[in-house]
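Trainee: The structure under discussion is supplied below as structure tokens; questions concerning it will follow.
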Amino acid sequence: GIQVEQSPPDLILQEGANSTLRCNFSDSVNNLQWFHQNPWGQLINLFYIPSGTKQNGRLSATTVATERYSLLYISSSQTTDSGVYFCAASPGYTGGFKTIFGAGTRLFVKA
Amino acid sequence: NAGVTQTPKFQVLKTGQSMTLQCAQDMNHNSMYWYRQDPGMGLRLIYYSASEGTTDKGEVPNGYNVSRLNKREFSLRLESAAPSQTSVYFCASSLDGGVIDEQFFGPGTRLTVL
């Protein structure tokens, strides 16, 4: 089945710094999402982005489906950005019914 | 509009006990999912329901059963709980998992099996 790998596994930033999180997937995908899991465990939808580029405030994401990767950009980081960022992908031949999550990038933003 | 709701929020069971986790969504979504998240890991799919009246196994179905009660509700049952099932359980829904599968998650149920 599809494999989803995220890097880096851990990241520590000073408040105000920028960062790029990466998600590689081993097969073509129909669906690609980015989530933020806050320190209370809640999963928050950031982007639904099977291809192309989207922006939402200080966050943006780009998926290059032909090269099997997606990037999440965080600019001017804030302490509230701390938590775990997951990407989740499902293979093109099954639609969304076999979604695979990466292991996540754990981000800590220092004040 | 509550989105996806789950009950209970916390539960402690003894080995061998049974319980049912409840999930409901009010977004008129067709597809629903149950995941588990173990410490330091991503989520793994237990079961899904593509549409009302259908259910199918995900990545880690052993030890679980599900029921799609109606379009809104999807329950997960542990018949004989084991310590290995200690985890956080998330329910999710999407409009149409077969094509466009933007999934929305509930707040989770933290289950401990002693």
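Letters A, B, ... go to the chains of the structure tokens in the order shown; residues in each chain start at 1; ligands are counted from 1 in the same order.
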Could you write out as number ranges by chain the residues of chain B within 8 Å of chain A, counting only C-alpha atoms?
Mentor: B: 40-45, 48, 50, 58-59, 97-102, 104-108
Trainee: Can you list, as a list in words, every protein, DNA or RNA residue that comes within 8 Å of range 29-36 of chain B when you count only C-alpha atoms, leaving out same-chain residues fewer than 6 positions away?
Mentor: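 Listed by chain and then number, they are Leu43, Arg44, Leu45, Ile46, Tyr47, Tyr48, Ser49, Ala50, Ser51, Glu52, Lys71, Arg72, Phe74, Leu76, Ser87, Val88, Tyr89, Phe90, Cys91, Ala92, Ser93, Ser94, Leu95, Asp96 and Gly97 of chain B.
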Trainee: Looking only at the backbone, which of the residues in range 1-93 of chain B does DSSP tag as strand (DSSP E), as a PyMOL selection string?
Mentor: chain B and resi 4-7+10-13+19-25+31-37+43-49+56-57+64-68+74-78+87-93
Trainee: Within 9 Å of Gln78 in chain A, counting only C-alpha atoms, which residues qualify if same-chain residues fewer than 3 places away don't, as a count of residues only?
Mentor: 10
Trainee: If we count only C-alpha atoms and set the cut-off at 8 Å, which residues sit around range 78-80 of chain B, ignoring sequence neighbours fewer than 4 positions away in its own chain? Please answer as a list in words.
Mentor: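 Returned residues: Thr15, Gly16, Gln17, Ser18, Met19, Thr20, Gly63, Tyr64 and Asn65 of chain B.
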Trainee: Closest to Leu72 in chain A among A:Ser51, A:Thr20, A:Ser28, A:Gln37, using only C-alpha atoms?
Mentor: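 Closest residue, counting only C-alpha atoms: A:Thr20.
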